[in-house]
Amino acid sequence: MVDLLFYVAALVAVLTAVGVVLARNPVVSVVSLLSCFGSLAVIYLLAGFQFLAAIQILVYGGAIMVLFLFVVMLLNLGGLNPEDEDRDDPLFHDRRRSAGGLAVAVALGSASLIGILRGARHLAEPTNGLVPPEEGFDALPALAEAMFTRYSLPFEAASVLLLATTVGVMVLAKRQRSIPPAGEERS
Amino acid sequence: MSVPTEHLLALAAILFAIGVAGFFTRRNLIVVLMSIELMLNAANLTFVAGSRLHSSTGAVQVDGPIFVIFIIAVAAVEAAVGLALVIALYRQKQTVSLDAFARLED
């Protein structure tokens with residue numbers, strides 16, 4: 001039963017991922033990606049990582065996708081007015097570049113699939129997975145302990161990265177004042 | 001869940017390939033960024049599968065989930081910077097089509 005749920009979630013993840021790539025309307029892409037992340041959260045939950053499932057929903061679903069949706073709305077790319085100028089714009093690059101990209105993707109995907117399926121018999125069977133969800137957040141204490149002892153330096157680095165990004169994004173997104181070219185008198 | 005590990009890894013590989021396809025073929029800059037997020041999630045799924053393979057009920061392998069948390073943090077940073085760049089570029093050209101930004105000089 002639980003296994004069946006995994007395969008359903010996997011199917012939904014793949015279908016919505018294809019939807020992200022094929023959708024004409026960026027809003028549809030965003031919502032599709034959101035469902036993909038939701039089904040990945042279900043898979044994390046089934047694998048026994050409840051905390052990861054929660055932050056997948058909170059950070060990806062709550063923060064990152066809202067950011068994407070916000071930008072799509074801000075730039076008015078939803079394609080709501082049918083007489084928008086780029087309705088007929090091709091969705092993909094010209095045929096040569098698209099074929100090249102698709103070939104790279106197919107080669108990469110099939111190579112890794114072949115590698116995984118050939119190497120599968122060397123993989124040990126997971127003893128009995130992790131804790132089932134109903135037994136609570138068993139993995140979390142170990143996770144927190146490692147995060148604040150062995151991984152405390154990367155943790156601090158991540159906080160510095162977030163601070164630097166906040167400043168950098170504000171500089172990037174600030175409306176540019178018209179800066180007079182060098183050598184000209186500022187009036 | 002008694003799903004074999006290779007099925008998790010295969011799902012991750014498929015998602016990654018879909019992300020690569022979107023990254024190389026789409027013209028809309030925002031969808032390209034979303035394809036990158038898809039690839040990062042495939043990597044996360046691989047970490048989860050590996051961690052699940054190496055843990056048992058008593059002892060949890062924590063390195064995988066910790067890497068997933070850091071990847072999510074970096075993905076958030078990447079999305080914020082990428083979207084700020086998209087907005088800056090949109091101001092310049094009034095479009096998010098990648099073809100408009102093919103030349104470095106303008």
# chains A, B, ... in the order shown; residues from 1 in each chain; ligands from 1
$ residues_around --residues "range 99-103 of chain A" --least-positions-apart "2" --cutoff "8 Å" --atoms "only C-alpha atoms" --output "number ranges by chain"
A: 95-97, 105-107; B: 20-21, 23-25
$ select_by_dssp --residues "chain B" --states "alpha helix (DSSP H)" --output "PyMOL selection string"
chain B and resi 5-25+29-54+63-93
$ closest_residue --among "B:Gln61, B:Phe101, B:Ile71, B:Ala17" --to "chain A" --atoms "only C-alpha atoms"
B:Ala17
$ residues_around --residues "Ala43 in chain B" --least-positions-apart "4" --cutoff "8 Å" --atoms "only C-alpha atoms" --output "ChimeraX atom specification"
/B:12,16,39,47
$ residues_around --residues "Phe67 in chain B" --least-positions-apart "3" --cutoff "12 Å" --atoms "only C-alpha atoms" --output "PDB file with N, CA, C and O atoms, in the first residue's frame"
ATOM      1  N   LEU A  52      12.621  16.663   6.279  1.00  0.00           N
ATOM      2  CA  LEU A  52      12.911  17.109   4.910  1.00  0.00           C
ATOM      3  C   LEU A  52      11.626  17.373   4.146  1.00  0.00           C
ATOM      4  O   LEU A  52      11.534  18.345   3.380  1.00  0.00           O
ATOM      5  N   LEU A 143      19.856  14.596  13.263  1.00  0.00           N
ATOM      6  CA  LEU A 143      20.089  15.607  12.234  1.00  0.00           C
ATOM      7  C   LEU A 143      20.529  16.923  12.855  1.00  0.00           C
ATOM      8  O   LEU A 143      21.511  17.550  12.432  1.00  0.00           O
ATOM      9  N   ALA A 146      24.123  16.729  14.308  1.00  0.00           N
ATOM     10  CA  ALA A 146      25.170  16.809  13.288  1.00  0.00           C
ATOM     11  C   ALA A 146      25.256  18.221  12.712  1.00  0.00           C
ATOM     12  O   ALA A 146      26.352  18.723  12.442  1.00  0.00           O
ATOM     13  N   MET A 147      24.095  18.841  12.543  1.00  0.00           N
ATOM     14  CA  MET A 147      24.067  20.176  11.936  1.00  0.00           C
ATOM     15  C   MET A 147      24.836  21.191  12.774  1.00  0.00           C
ATOM     16  O   MET A 147      25.525  22.058  12.240  1.00  0.00           O
ATOM     17  N   TYR A 151      28.770  19.895  11.263  1.00  0.00           N
ATOM     18  CA  TYR A 151      28.529  20.758  10.106  1.00  0.00           C
ATOM     19  C   TYR A 151      28.316  22.210  10.512  1.00  0.00           C
ATOM     20  O   TYR A 151      27.639  22.954   9.803  1.00  0.00           O
ATOM     21  N   PRO A 154      29.897  24.802   7.732  1.00  0.00           N
ATOM     22  CA  PRO A 154      29.017  25.039   6.576  1.00  0.00           C
ATOM     23  C   PRO A 154      27.742  25.782   6.949  1.00  0.00           C
ATOM     24  O   PRO A 154      27.234  26.591   6.160  1.00  0.00           O
ATOM     25  N   PHE A 155      27.242  25.513   8.140  1.00  0.00           N
ATOM     26  CA  PHE A 155      26.024  26.206   8.593  1.00  0.00           C
ATOM     27  C   PHE A 155      26.264  27.711   8.657  1.00  0.00           C
ATOM     28  O   PHE A 155      25.472  28.514   8.132  1.00  0.00           O
ATOM     29  N   ALA A 158      26.569  29.134   5.256  1.00  0.00           N
ATOM     30  CA  ALA A 158      25.268  29.330   4.616  1.00  0.00           C
ATOM     31  C   ALA A 158      24.632  30.632   5.085  1.00  0.00           C
ATOM     32  O   ALA A 158      24.002  31.344   4.288  1.00  0.00           O
TER      33      ALA A 158
ATOM     34  N   LEU B  40      18.096  20.444  -9.243  1.00  0.00           N
ATOM     35  CA  LEU B  40      18.546  20.431  -7.849  1.00  0.00           C
ATOM     36  C   LEU B  40      17.704  19.464  -7.020  1.00  0.00           C
ATOM     37  O   LEU B  40      18.219  18.762  -6.145  1.00  0.00           O
ATOM     38  N   ASN B  41      16.408  19.405  -7.325  1.00  0.00           N
ATOM     39  CA  ASN B  41      15.557  18.486  -6.585  1.00  0.00           C
ATOM     40  C   ASN B  41      15.878  17.040  -6.899  1.00  0.00           C
ATOM     41  O   ASN B  41      15.774  16.172  -6.022  1.00  0.00           O
ATOM     42  N   ALA B  43      18.840  15.975  -7.510  1.00  0.00           N
ATOM     43  CA  ALA B  43      20.024  15.700  -6.693  1.00  0.00           C
ATOM     44  C   ALA B  43      19.619  15.432  -5.246  1.00  0.00           C
ATOM     45  O   ALA B  43      20.137  14.507  -4.601  1.00  0.00           O
ATOM     46  N   ASN B  44      18.664  16.216  -4.736  1.00  0.00           N
ATOM     47  CA  ASN B  44      18.183  15.998  -3.368  1.00  0.00           C
ATOM     48  C   ASN B  44      17.620  14.598  -3.202  1.00  0.00           C
ATOM     49  O   ASN B  44      17.865  13.933  -2.193  1.00  0.00           O
ATOM     50  N   LEU B  45      16.860  14.167  -4.204  1.00  0.00           N
ATOM     51  CA  LEU B  45      16.248  12.842  -4.123  1.00  0.00           C
ATOM     52  C   LEU B  45      17.326  11.766  -4.095  1.00  0.00           C
ATOM     53  O   LEU B  45      17.211  10.762  -3.383  1.00  0.00           O
ATOM     54  N   THR B  46      18.416  11.994  -4.837  1.00  0.00           N
ATOM     55  CA  THR B  46      19.516  11.029  -4.801  1.00  0.00           C
ATOM     56  C   THR B  46      20.128  10.949  -3.411  1.00  0.00           C
ATOM     57  O   THR B  46      20.417   9.857  -2.902  1.00  0.00           O
ATOM     58  N   PHE B  47      20.321  12.117  -2.779  1.00  0.00           N
ATOM     59  CA  PHE B  47      20.871  12.121  -1.423  1.00  0.00           C
ATOM     60  C   PHE B  47      19.948  11.374  -0.463  1.00  0.00           C
ATOM     61  O   PHE B  47      20.406  10.605   0.399  1.00  0.00           O
ATOM     62  N   VAL B  48      18.645  11.609  -0.604  1.00  0.00           N
ATOM     63  CA  VAL B  48      17.691  10.935   0.280  1.00  0.00           C
ATOM     64  C   VAL B  48      17.743   9.431   0.076  1.00  0.00           C
ATOM     65  O   VAL B  48      17.744   8.653   1.048  1.00  0.00           O
ATOM     66  N   GLY B  50      20.263   7.648  -0.996  1.00  0.00           N
ATOM     67  CA  GLY B  50      21.497   7.111  -0.432  1.00  0.00           C
ATOM     68  C   GLY B  50      21.436   7.043   1.077  1.00  0.00           C
ATOM     69  O   GLY B  50      21.857   6.056   1.693  1.00  0.00           O
ATOM     70  N   SER B  51      20.873   8.073   1.686  1.00  0.00           N
ATOM     71  CA  SER B  51      20.781   8.091   3.141  1.00  0.00           C
ATOM     72  C   SER B  51      19.859   6.991   3.636  1.00  0.00           C
ATOM     73  O   SER B  51      20.137   6.334   4.647  1.00  0.00           O
ATOM     74  N   GLN B  61      21.556   7.707   8.989  1.00  0.00           N
ATOM     75  CA  GLN B  61      22.663   8.316   8.264  1.00  0.00           C
ATOM     76  C   GLN B  61      22.299   9.780   8.036  1.00  0.00           C
ATOM     77  O   GLN B  61      21.425  10.077   7.240  1.00  0.00           O
ATOM     78  N   VAL B  62      22.959  10.720   8.716  1.00  0.00           N
ATOM     79  CA  VAL B  62      22.473  12.096   8.660  1.00  0.00           C
ATOM     80  C   VAL B  62      23.144  12.924   7.577  1.00  0.00           C
ATOM     81  O   VAL B  62      22.689  14.026   7.293  1.00  0.00           O
ATOM     82  N   ASP B  63      24.230  12.436   6.969  1.00  0.00           N
ATOM     83  CA  ASP B  63      24.948  13.283   6.007  1.00  0.00           C
ATOM     84  C   ASP B  63      24.072  13.641   4.812  1.00  0.00           C
ATOM     85  O   ASP B  63      24.084  14.786   4.349  1.00  0.00           O
ATOM     86  N   GLY B  64      23.279  12.677   4.338  1.00  0.00           N
ATOM     87  CA  GLY B  64      22.420  12.945   3.199  1.00  0.00           C
ATOM     88  C   GLY B  64      21.415  14.049   3.468  1.00  0.00           C
ATOM     89  O   GLY B  64      21.373  15.048   2.739  1.00  0.00           O
ATOM     90  N   PHE B  70      21.356  21.934   2.960  1.00  0.00           N
ATOM     91  CA  PHE B  70      22.228  22.970   2.397  1.00  0.00           C
ATOM     92  C   PHE B  70      21.889  23.239   0.937  1.00  0.00           C
ATOM     93  O   PHE B  70      21.927  24.384   0.480  1.00  0.00           O
ATOM     94  N   ILE B  71      21.544  22.174   0.196  1.00  0.00           N
ATOM     95  CA  ILE B  71      21.180  22.382  -1.212  1.00  0.00           C
ATOM     96  C   ILE B  71      19.928  23.242  -1.308  1.00  0.00           C
ATOM     97  O   ILE B  71      19.819  24.112  -2.176  1.00  0.00           O
ATOM     98  N   ILE B  72      18.975  23.011  -0.407  1.00  0.00           N
ATOM     99  CA  ILE B  72      17.752  23.822  -0.446  1.00  0.00           C
ATOM    100  C   ILE B  72      18.084  25.286  -0.162  1.00  0.00           C
ATOM    101  O   ILE B  72      17.565  26.199  -0.829  1.00  0.00           O
ATOM    102  N   ALA B  73      19.003  25.518   0.805  1.00  0.00           N
ATOM    103  CA  ALA B  73      19.396  26.905   1.091  1.00  0.00           C
ATOM    104  C   ALA B  73      20.041  27.539  -0.129  1.00  0.00           C
ATOM    105  O   ALA B  73      19.712  28.674  -0.509  1.00  0.00           O
ATOM    106  N   VAL B  74      20.956  26.789  -0.760  1.00  0.00           N
ATOM    107  CA  VAL B  74      21.635  27.359  -1.932  1.00  0.00           C
ATOM    108  C   VAL B  74      20.647  27.553  -3.085  1.00  0.00           C
ATOM    109  O   VAL B  74      20.748  28.525  -3.836  1.00  0.00           O
ATOM    110  N   ALA B  75      19.663  26.647  -3.197  1.00  0.00           N
ATOM    111  CA  ALA B  75      18.669  26.795  -4.258  1.00  0.00           C
ATOM    112  C   ALA B  75      17.844  28.060  -4.046  1.00  0.00           C
ATOM    113  O   ALA B  75      17.520  28.766  -5.012  1.00  0.00           O
TER     114      ALA B  75
END
$ interface_residues --of "chain A" --to "chain B" --cutoff "7 Å" --atoms "only C-alpha atoms" --output "PyMOL selection string"
chain A and resi 2-3+10+14+17-18+21+26+46-47+64+91-93+97-98+101-102+105-106+108-109+112-113+116-117+120+125-131+139+142-143+147+162+165+169+172-173
